[in-house]
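Enquirer: File name input_29.cif; file contents mmCIF, C-alpha atoms and all ligand atoms; full text below.
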```
data_start
#
loop_
_atom_site.label_atom_id
_atom_site.label_comp_id
_atom_site.auth_asym_id
_atom_site.auth_seq_id
_atom_site.Cartn_x
_atom_site.Cartn_y
_atom_site.Cartn_z
CA LYS R 234 206.03 -1.98 115.37
CA LYS R 235 205.05 -4.80 113.03
CA ASN R 236 207.12 -3.63 110.10
CA ASP R 237 210.41 -2.99 111.81
CA LYS R 238 211.91 -6.12 110.28
CA PRO R 239 212.13 -7.35 106.73
CA LYS R 240 209.09 -9.41 105.81
CA ASP R 241 211.06 -12.29 104.37
CA ASN R 242 210.81 -15.77 105.72
CA SER R 243 214.03 -15.68 107.66
CA TYR R 244 214.46 -17.47 110.92
CA SER R 245 214.73 -14.31 112.99
CA ASN R 246 211.35 -13.11 111.82
CA ARG R 247 209.52 -16.27 112.56
CA GLY R 248 210.95 -15.62 116.01
CA MET R 249 209.30 -12.24 116.44
CA GLN R 250 206.30 -13.44 118.37
CA PHE R 251 208.49 -15.35 120.76
CA GLU R 252 210.71 -12.31 121.24
CA GLU R 253 207.66 -10.22 122.02
CA GLU R 254 206.64 -12.68 124.71
CA ILE R 255 210.08 -12.35 126.23
CA GLN R 256 209.87 -8.58 126.08
CA GLU R 257 206.54 -8.74 127.88
CA SER R 258 208.09 -10.97 130.51
CA ASN R 259 210.94 -8.50 130.89
CA GLU R 260 208.47 -5.69 131.46
CA PHE R 261 206.81 -7.77 134.13
CA TYR R 262 210.16 -8.51 135.79
CA LEU R 263 211.03 -4.81 135.67
CA SER R 264 207.70 -3.74 137.17
CA ARG R 265 208.22 -6.17 140.06
CA GLY R 266 211.81 -5.16 140.64
CA THR R 267 212.96 -8.69 139.80
CA ALA R 268 215.45 -7.87 137.05
CA VAL R 269 216.41 -5.22 134.49
CA ILE R 270 216.60 -6.90 131.09
CA HIS R 271 216.20 -5.10 127.77
CA LYS R 272 216.17 -6.06 124.14
CA LYS R 273 218.75 -4.23 122.11
CA PRO R 274 217.36 -2.17 119.24
CA THR R 275 218.09 -3.63 115.81
CA PRO R 276 221.14 -1.81 114.50
CA LEU R 277 220.51 0.21 111.35
CA GLN R 278 223.02 1.65 108.97
CA ILE R 279 221.68 5.11 108.34
CA VAL R 280 222.47 6.55 104.92
CA GLN R 281 220.26 9.59 104.64
CA VAL R 282 218.57 11.84 107.18
CA ASP R 283 216.38 14.84 106.39
CA TYR R 284 216.06 17.79 108.75
CA PRO R 285 212.83 19.55 107.90
CA ALA R 286 212.52 23.03 109.40
CA ARG R 287 210.59 23.05 112.68
CA SER R 288 210.02 19.31 112.80
CA ALA R 289 211.76 16.13 113.78
CA ALA R 290 214.63 14.65 111.79
CA VAL R 291 213.47 11.90 109.42
CA VAL R 292 215.57 8.92 108.44
CA LYS R 293 215.03 8.55 104.69
CA GLU R 294 217.33 5.67 103.89
CA ALA R 295 218.66 3.00 106.21
CA TYR R 296 219.51 -0.70 106.10
CA PHE R 297 219.22 -3.47 108.65
CA GLN R 298 222.57 -4.64 109.96
CA LYS R 299 223.63 -7.95 111.39
CA PRO R 300 223.83 -7.48 115.13
CA SER R 301 227.25 -8.27 116.58
CA THR R 302 225.84 -9.10 119.99
CA THR R 303 222.89 -11.07 121.32
CA ASP R 304 219.29 -9.86 121.54
CA PHE R 305 218.92 -9.37 125.25
CA ASN R 306 221.03 -8.39 128.20
CA GLY R 307 220.74 -6.92 131.65
CA VAL R 308 221.23 -7.47 135.34
CA TYR R 309 219.61 -9.90 137.77
CA LYS R 310 220.67 -10.21 141.42
CA GLY R 311 224.06 -8.74 140.63
CA LEU R 312 224.57 -11.08 137.68
CA HIS R 313 225.08 -9.94 134.12
CA LEU R 314 222.69 -11.89 131.88
CA ASP R 315 223.15 -12.09 128.13
CA PHE R 316 221.01 -14.21 125.85
CA GLU R 317 219.63 -14.86 122.44
CA ALA R 318 216.07 -16.00 121.66
CA LYS R 319 215.59 -18.50 118.85
CA GLU R 320 212.68 -20.45 117.48
CA THR R 321 212.49 -23.56 115.36
CA ARG R 322 209.78 -25.54 113.61
CA ASN R 323 211.96 -28.62 113.81
CA LYS R 324 210.68 -31.36 116.06
CA THR R 325 213.81 -33.24 116.99
CA SER R 326 216.72 -30.84 116.67
CA PHE R 327 217.76 -27.22 116.68
CA PRO R 328 219.65 -26.08 113.54
CA LEU R 329 222.88 -24.17 114.06
CA LYS R 330 222.76 -22.21 110.84
CA ASN R 331 221.07 -19.18 112.31
CA PHE R 332 223.92 -18.17 114.47
CA HIS R 333 226.76 -16.26 112.97
CA ASP R 334 230.35 -16.24 114.12
CA HIS R 335 230.30 -12.72 115.52
CA GLN R 336 227.40 -13.55 117.75
CA VAL R 337 228.99 -16.70 119.08
CA GLU R 338 232.27 -14.87 119.61
CA HIS R 339 230.36 -12.31 121.65
CA MET R 340 228.80 -15.07 123.76
CA LYS R 341 232.22 -16.55 124.45
CA ASN R 342 233.56 -13.16 125.49
CA VAL R 343 230.66 -12.71 127.88
CA CYS R 344 231.33 -16.11 129.46
CA ARG R 345 235.00 -15.21 129.89
CA GLN R 346 233.94 -12.11 131.85
CA ARG R 347 231.75 -14.35 134.03
CA GLY R 348 228.48 -13.13 132.63
CA LEU R 349 225.68 -15.69 132.47
CA CYS R 350 225.07 -16.45 128.83
CA PHE R 351 222.43 -18.72 127.30
CA ILE R 352 219.97 -19.27 124.48
CA LEU R 353 216.22 -19.45 124.92
CA ILE R 354 215.13 -22.04 122.37
CA HIS R 355 211.50 -22.34 121.42
CA PHE R 356 210.42 -25.60 119.81
CA ARG R 357 207.20 -24.61 118.12
CA PRO R 358 205.85 -28.08 117.35
CA GLN R 359 205.81 -29.00 121.03
CA GLU R 360 205.47 -25.42 122.31
CA GLU R 361 208.42 -26.06 124.59
CA ILE R 362 211.02 -23.52 125.64
CA TYR R 363 214.44 -24.40 126.98
CA LEU R 364 217.14 -22.32 128.56
CA TYR R 365 220.28 -23.76 127.00
CA PRO R 366 223.56 -22.62 128.61
CA ALA R 367 226.13 -21.13 126.25
CA GLU R 368 228.77 -23.52 127.61
CA ALA R 369 226.71 -26.47 126.33
CA PHE R 370 226.12 -24.77 123.00
CA PHE R 371 229.73 -23.89 122.08
CA PRO R 372 230.99 -27.45 121.39
CA TRP R 373 228.10 -28.05 118.96
CA TYR R 374 228.74 -24.79 117.19
CA ASP R 375 232.50 -25.23 117.01
CA SER R 376 232.25 -28.71 115.48
CA ARG R 377 229.45 -27.95 113.01
CA MET R 378 231.80 -28.04 110.01
CA ASN R 379 232.80 -31.63 110.51
CA GLY R 380 229.96 -32.74 112.70
CA ARG R 381 226.22 -32.30 113.01
CA LYS R 382 224.58 -29.16 111.69
CA SER R 383 222.02 -29.19 114.48
CA ILE R 384 221.72 -29.94 118.18
CA PRO R 385 219.52 -32.94 119.03
CA LYS R 386 216.52 -31.91 121.11
CA GLU R 387 217.42 -34.63 123.57
CA SER R 388 220.72 -32.91 124.36
CA ILE R 389 218.90 -29.66 124.89
CA GLU R 390 216.47 -31.38 127.24
CA ASN R 391 219.34 -32.95 129.17
CA GLU R 392 221.73 -30.03 129.43
CA GLY R 393 219.09 -27.30 129.37
CA TYR R 394 216.29 -26.15 131.66
CA LEU R 395 212.64 -26.27 130.73
CA VAL R 396 211.05 -22.82 130.92
CA LYS R 397 207.49 -22.79 132.14
CA ARG R 398 204.94 -20.79 130.27
CA GLY R 399 202.36 -18.91 132.23
CA PHE R 400 200.23 -15.83 132.27
CA LEU R 401 202.43 -13.38 134.16
CA PRO R 402 205.16 -13.62 133.10
CA ARG R 403 204.45 -15.57 129.94
CA VAL R 404 207.98 -16.89 129.70
CA ASP R 405 209.34 -17.26 133.21
CA TYR R 406 212.94 -17.84 132.21
CA LEU R 407 214.38 -16.39 135.43
CA LYS R 408 213.08 -19.47 137.28
CA ALA R 409 215.19 -21.55 134.92
CA VAL R 410 218.13 -19.21 135.59
CA ASP R 411 217.67 -19.88 139.31
CA GLU R 412 217.75 -23.64 138.69
CA LEU R 413 220.92 -23.30 136.67
CA LEU R 414 222.55 -21.19 139.40
CA GLN R 415 221.52 -23.76 141.99
CA ASP R 416 223.09 -26.55 139.92
CA ARG R 417 226.33 -24.62 139.53
CA LYS R 418 226.50 -23.93 143.25
CA GLU R 419 226.20 -27.64 143.96
CA GLU R 420 228.93 -28.56 141.50
CA LYS W 284 228.48 6.88 110.32
CA LYS W 285 228.65 10.67 110.67
CA ASN W 286 225.01 11.28 109.85
CA ASP W 287 223.34 8.75 112.11
CA LYS W 288 222.15 11.48 114.45
CA PRO W 289 220.21 14.67 113.85
CA LYS W 290 222.56 17.56 113.06
CA ASP W 291 220.97 19.95 115.51
CA ASN W 292 222.88 21.51 118.33
CA SER W 293 221.53 19.24 121.03
CA TYR W 294 223.62 18.15 123.94
CA SER W 295 223.79 14.54 122.86
CA ASN W 296 225.36 15.50 119.58
CA ARG W 297 228.01 17.69 121.02
CA GLY W 298 228.79 14.52 122.92
CA MET W 299 229.36 12.37 119.84
CA GLN W 300 233.09 12.70 119.73
CA PHE W 301 233.40 11.75 123.36
CA GLU W 302 231.15 8.73 122.78
CA GLU W 303 233.32 7.65 119.90
CA GLU W 304 236.39 7.79 122.12
CA ILE W 305 234.60 5.55 124.58
CA GLN W 306 233.59 3.16 121.82
CA GLU W 307 237.20 2.99 120.71
CA SER W 308 238.25 2.27 124.28
CA ASN W 309 235.62 -0.47 124.46
CA GLU W 310 237.02 -2.06 121.32
CA PHE W 311 240.44 -2.00 122.90
CA TYR W 312 239.14 -3.58 126.10
CA LEU W 313 237.34 -6.24 124.03
CA SER W 314 240.44 -7.05 121.97
CA ARG W 315 242.46 -7.52 125.15
CA GLY W 316 239.81 -9.63 126.86
CA THR W 317 239.44 -7.00 129.58
CA ALA W 318 235.69 -6.38 129.33
CA VAL W 319 232.71 -6.69 127.00
CA ILE W 320 231.01 -3.30 126.81
CA HIS W 321 228.84 -2.13 123.93
CA LYS W 322 226.97 0.98 123.01
CA LYS W 323 223.30 0.41 122.43
CA PRO W 324 222.10 1.37 118.98
CA THR W 325 219.93 4.49 118.94
CA PRO W 326 216.33 3.28 118.92
CA LEU W 327 214.37 4.23 115.82
CA GLN W 328 210.66 4.17 115.28
CA ILE W 329 210.33 2.64 111.84
CA VAL W 330 207.32 3.79 109.84
CA GLN W 331 207.97 2.55 106.33
CA VAL W 332 210.12 -0.23 104.90
CA ASP W 333 210.47 -1.10 101.22
CA TYR W 334 211.29 -4.60 100.03
CA PRO W 335 212.75 -4.28 96.56
CA ALA W 336 212.92 -7.57 94.63
CA ARG W 337 216.30 -9.26 94.89
CA SER W 338 217.84 -6.66 97.18
CA ALA W 339 217.98 -5.69 100.81
CA ALA W 340 215.04 -4.16 102.64
CA VAL W 341 215.28 -0.36 102.83
CA VAL W 342 213.95 1.73 105.68
CA LYS W 343 212.25 4.68 103.99
CA GLU W 344 210.85 6.53 106.98
CA ALA W 345 211.95 6.37 110.59
CA TYR W 346 212.30 8.70 113.57
CA PHE W 347 214.79 8.90 116.39
CA GLN W 348 213.37 7.87 119.73
CA LYS W 349 214.35 8.83 123.24
CA PRO W 350 216.28 5.90 124.66
CA SER W 351 214.79 4.48 127.86
CA THR W 352 218.11 3.13 129.06
CA THR W 353 221.67 4.39 129.22
CA ASP W 354 224.17 4.44 126.36
CA PHE W 355 226.52 1.68 127.39
CA ASN W 356 226.40 -1.59 129.22
CA GLY W 357 228.24 -4.84 129.52
CA VAL W 358 230.22 -7.12 131.77
CA TYR W 359 233.57 -6.67 133.49
CA LYS W 360 235.04 -9.25 135.90
CA GLY W 361 231.60 -10.67 136.56
CA LEU W 362 230.14 -7.24 137.21
CA HIS W 363 227.30 -5.72 135.21
CA LEU W 364 228.31 -2.21 134.18
CA ASP W 365 225.81 0.35 132.98
CA PHE W 366 226.67 3.94 132.19
CA GLU W 367 225.87 7.11 130.36
CA ALA W 368 228.40 9.40 128.68
CA LYS W 369 227.82 13.16 128.90
CA GLU W 370 229.73 16.22 127.93
CA THR W 371 229.49 19.79 129.04
CA ARG W 372 231.06 23.11 128.02
CA ASN W 373 230.40 24.43 131.51
CA LYS W 374 233.47 25.12 133.59
CA THR W 375 232.20 24.86 137.11
CA SER W 376 229.15 22.63 137.07
CA PHE W 377 227.34 19.87 135.22
CA PRO W 378 223.74 20.72 134.23
CA LEU W 379 221.06 18.15 135.07
CA LYS W 380 218.68 19.06 132.27
CA ASN W 381 219.99 16.51 129.82
CA PHE W 382 218.84 13.53 131.75
CA HIS W 383 215.26 12.47 131.47
CA ASP W 384 213.24 10.66 134.10
CA HIS W 385 213.11 7.33 132.26
CA GLN W 386 216.86 7.18 132.06
CA VAL W 387 217.36 7.97 135.73
CA GLU W 388 214.66 5.46 136.65
CA HIS W 389 216.58 2.87 134.64
CA MET W 390 219.80 3.72 136.49
CA LYS W 391 218.05 3.30 139.84
CA ASN W 392 216.70 -0.08 138.76
CA VAL W 393 220.18 -1.20 137.75
CA CYS W 394 221.58 -0.17 141.14
CA ARG W 395 218.81 -2.11 142.90
CA GLN W 396 219.90 -5.22 140.99
CA ARG W 397 223.47 -4.59 142.15
CA GLY W 398 224.75 -3.52 138.78
CA LEU W 399 227.49 -0.90 138.81
CA CYS W 400 226.01 2.27 137.39
CA PHE W 401 227.74 5.59 136.71
CA ILE W 402 228.08 8.59 134.43
CA LEU W 403 231.21 9.48 132.53
CA ILE W 404 231.24 13.27 132.56
CA HIS W 405 233.50 15.15 130.20
CA PHE W 406 234.27 18.75 131.10
CA ARG W 407 235.40 20.15 127.80
CA PRO W 408 236.96 23.42 129.01
CA GLN W 409 239.43 21.52 131.20
CA GLU W 410 239.44 18.34 129.10
CA GLU W 411 238.75 16.37 132.27
CA ILE W 412 236.71 13.20 132.52
CA TYR W 413 235.18 11.91 135.73
CA LEU W 414 233.48 8.67 136.56
CA TYR W 415 230.61 9.80 138.76
CA PRO W 416 228.77 7.00 140.61
CA ALA W 417 225.01 6.88 140.12
CA GLU W 418 224.50 6.81 143.89
CA ALA W 419 226.13 10.25 144.15
CA PHE W 420 224.11 11.54 141.21
CA PHE W 421 220.59 10.57 142.35
CA PRO W 422 220.26 13.07 145.24
CA TRP W 423 221.15 15.95 142.91
CA TYR W 424 218.68 14.77 140.30
CA ASP W 425 215.88 14.14 142.76
CA SER W 426 216.14 17.59 144.33
CA ARG W 427 216.57 19.54 141.09
CA MET W 428 213.04 21.01 141.28
CA ASN W 429 213.61 22.81 144.53
CA GLY W 430 217.36 22.86 144.53
CA ARG W 431 220.23 23.41 142.15
CA LYS W 432 219.81 22.64 138.48
CA SER W 433 223.38 21.49 138.17
CA ILE W 434 226.03 19.58 140.08
CA PRO W 435 229.04 21.64 141.18
CA LYS W 436 232.23 20.38 139.57
CA GLU W 437 233.78 20.29 143.01
CA SER W 438 231.30 17.64 144.14
CA ILE W 439 232.08 15.60 141.06
CA GLU W 440 235.78 15.86 141.80
CA ASN W 441 235.20 14.79 145.41
CA GLU W 442 232.73 11.96 144.92
CA GLY W 443 233.90 10.90 141.48
CA TYR W 444 237.04 9.38 140.01
CA LEU W 445 239.28 11.13 137.53
CA VAL W 446 239.60 9.12 134.30
CA LYS W 447 242.99 9.29 132.69
CA ARG W 448 243.26 9.95 129.00
CA GLY W 449 245.82 8.08 127.03
CA PHE W 450 246.57 6.56 123.69
CA LEU W 451 245.35 2.99 124.14
CA PRO W 452 242.75 3.10 125.46
CA ARG W 453 241.95 6.76 125.02
CA VAL W 454 239.53 6.83 127.91
CA ASP W 455 240.69 4.30 130.47
CA TYR W 456 237.55 4.36 132.58
CA LEU W 457 237.97 0.78 133.82
CA LYS W 458 240.91 1.95 135.94
CA ALA W 459 238.51 4.37 137.60
CA VAL W 460 236.04 1.49 138.04
CA ASP W 461 238.78 -0.46 139.81
CA GLU W 462 239.42 2.47 142.16
CA LEU W 463 235.74 2.72 142.95
CA LEU W 464 235.53 -1.02 143.65
CA GLN W 465 238.57 -0.77 145.90
CA ASP W 466 236.95 2.08 147.86
CA ARG W 467 233.73 0.11 148.28
CA LYS W 468 235.64 -2.92 149.50
CA GLU W 469 237.32 -0.84 152.15
CA GLU W 470 234.07 0.68 153.38
MG MG S 501 216.92 -13.70 118.13
MG MG S 502 224.97 10.02 126.12
#
```
What is this structure when it is put down as structure tokens?
Ligand SMILES: [Mg+2]
Ligand SMILES: [Mg+2]
Expert:
Amino acid sequence: KKNDKPKDNSYSNRGMQFEEEIQESNEFYLSRGTAVIHKKPTPLQIVQVDYPARSAAVVKEAYFQKPSTTDFNGVYKGLHLDFEAKETRNKTSFPLKNFHDHQVEHMKNVCRQRGLCFILIHFRPQEEIYLYPAEAFFPWYDSRMNGRKSIPKESIENEGYLVKRGFLPRVDYLKAVDELLQDRKEE
Amino acid sequence: KKNDKPKDNSYSNRGMQFEEEIQESNEFYLSRGTAVIHKKPTPLQIVQVDYPARSAAVVKEAYFQKPSTTDFNGVYKGLHLDFEAKETRNKTSFPLKNFHDHQVEHMKNVCRQRGLCFILIHFRPQEEIYLYPAEAFFPWYDSRMNGRKSIPKESIENEGYLVKRGFLPRVDYLKAVDELLQDRKEE
């Protein structure tokens, strides 16, 4: 399980531990009947497969592909949830460079279909996690060419929802989802 | 793309063409802003990855895993959709043997969260496709040990919704979803 991603120093890999905490939380939610959220398997382009007699097929050559969707999706109280988990070592802002256009396009499509779309952002220096709604994220992303290349942490604090860490679940992001839903109801 | 599945004669592989038609239909729906539905990548257990200098990481050994969820999910008009695509060469019934417990458990969990869950069943002899709601499927599955090992086609015709084939999209299953939603509204 440890070597299912390239060992380079890319952003997504520094995020692995955080993603695992989310997966653990999802398992907890599932076991309690709270929600059904799964991580999508990393897409692989498979080039060569061997079929040894009397044993399982073996993939002999395959390459990691850029996912065209987000990491996680599922259903919670009748709502379609769709989100991406990201980590940063930055203290005061969250860099936009680790999103790619396809992913953001996907998030916009999900919003248009009235799915609930967001990013879970982990600031490692402070060990803080925020649920940041996709609707708040889009303007930053869309203006990154002629504007800032990162989102100030302050904006994330203001427009986002702090996610409490705990023991079970470790990352209780559905509480933050509830807060967001409550806010939208009141609007 | 052709060799991303074992070439044995298993059920799921005979289903590939049908799945591709659904993926094409999903692309059409996406391009029209009708729905955001994706196929989940086949999960692989990765055993060995090489990291050649100055080139992309290569998966050198990996094995196909049984998926613990269904093939497709996404969002349509605010609804979470979750479904499995299956094909059969049988003329008069649909065999239950190609579902495994984990998958059915997943479908039940999705229903509990008020997601819309179903199976798209393709009867190859008649070239007919039905949307069969998960709620109709569960009793057959749960009683398969002391009952029938297959669902009579007649029951699928009665409790399911015929999916029309066309050119764009080839498999217009969202029309059948609309019919099902209409029926549930009227109940
Ligand atoms: Mg991620
Ligand atoms: Mg299938």
Enquirer: Collect all residues with atoms no farther than 12 Å from ligand MG 502 (chain S), counting all atoms listed in the file, and output them as a CSV table (one decimal) with C-alpha atoms, in the coordinates of the input.
Expert:
```csv
chain,number,residue,atom,x,y,z
W,293,SER,CA,221.5,19.2,121.0
W,294,TYR,CA,223.6,18.2,123.9
W,295,SER,CA,223.8,14.5,122.9
W,296,ASN,CA,225.4,15.5,119.6
W,297,ARG,CA,228.0,17.7,121.0
W,298,GLY,CA,228.8,14.5,122.9
W,299,MET,CA,229.4,12.4,119.8
W,300,GLN,CA,233.1,12.7,119.7
W,301,PHE,CA,233.4,11.8,123.4
W,302,GLU,CA,231.2,8.7,122.8
W,303,GLU,CA,233.3,7.6,119.9
W,305,ILE,CA,234.6,5.6,124.6
W,306,GLN,CA,233.6,3.2,121.8
W,322,LYS,CA,227.0,1.0,123.0
W,323,LYS,CA,223.3,0.4,122.4
W,324,PRO,CA,222.1,1.4,119.0
W,325,THR,CA,219.9,4.5,118.9
W,349,LYS,CA,214.4,8.8,123.2
W,350,PRO,CA,216.3,5.9,124.7
W,351,SER,CA,214.8,4.5,127.9
W,352,THR,CA,218.1,3.1,129.1
W,353,THR,CA,221.7,4.4,129.2
W,354,ASP,CA,224.2,4.4,126.4
W,355,PHE,CA,226.5,1.7,127.4
W,365,ASP,CA,225.8,0.4,133.0
W,366,PHE,CA,226.7,3.9,132.2
W,367,GLU,CA,225.9,7.1,130.4
W,368,ALA,CA,228.4,9.4,128.7
W,369,LYS,CA,227.8,13.2,128.9
W,370,GLU,CA,229.7,16.2,127.9
W,371,THR,CA,229.5,19.8,129.0
W,381,ASN,CA,220.0,16.5,129.8
W,382,PHE,CA,218.8,13.5,131.8
W,383,HIS,CA,215.3,12.5,131.5
W,386,GLN,CA,216.9,7.2,132.1
W,401,PHE,CA,227.7,5.6,136.7
W,402,ILE,CA,228.1,8.6,134.4
W,403,LEU,CA,231.2,9.5,132.5
W,404,ILE,CA,231.2,13.3,132.6
W,405,HIS,CA,233.5,15.2,130.2
```
Enquirer: Residues of chain W within 6 Å of chain R, counting only C-alpha atoms - could you list those as a list in words?
Expert: Asp287, Pro289, Pro324, Pro326, Ile329, Ala340, Val341, Val342, Lys343, Glu344, Ala345, Tyr346, Tyr359, Lys360, Gly361, His363, Gln396, Arg397 and Gly398 of chain W
Enquirer: State, in Å with one decimal place, the distance from CA of Val410 in chain R to CA of Ser376 in chain R.
Expert: 26.3 Å
Enquirer: What are the centre and the three edge lengths of an axis-aligned box that wraps all atoms of range 399-418 of chain W in the file, given that 5 Å is added to every side, written as JSON and rounded to one decimal in Å?
Expert:
```
{"center_x": 232.0, "center_y": 11.3, "center_z": 135.8, "size_x": 24.9, "size_y": 34.3, "size_z": 26.1}
```
Enquirer: As an exercise, work out the distance from CA of Val446 in chain W to CA of Glu470 in chain W in Å and give it to one decimal place.
Expert: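 Interatomic distance, CA of Val446 in chain W to CA of Glu470 in chain W: 21.6 Å.
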Enquirer: In file coordinates, which residues lie within 10 Å of (219.2, 17.2, 133.6) using all atoms listed in the file, given as JSON, numbers by chain?
Expert: {"W": [377, 378, 379, 380, 381, 382, 383, 384, 387, 423, 424, 427, 432, 433, 434]}
Enquirer: How many Å separate CA of Ile389 in chain R from CA of Glu260 in chain R?
Expert: 27.0 Å
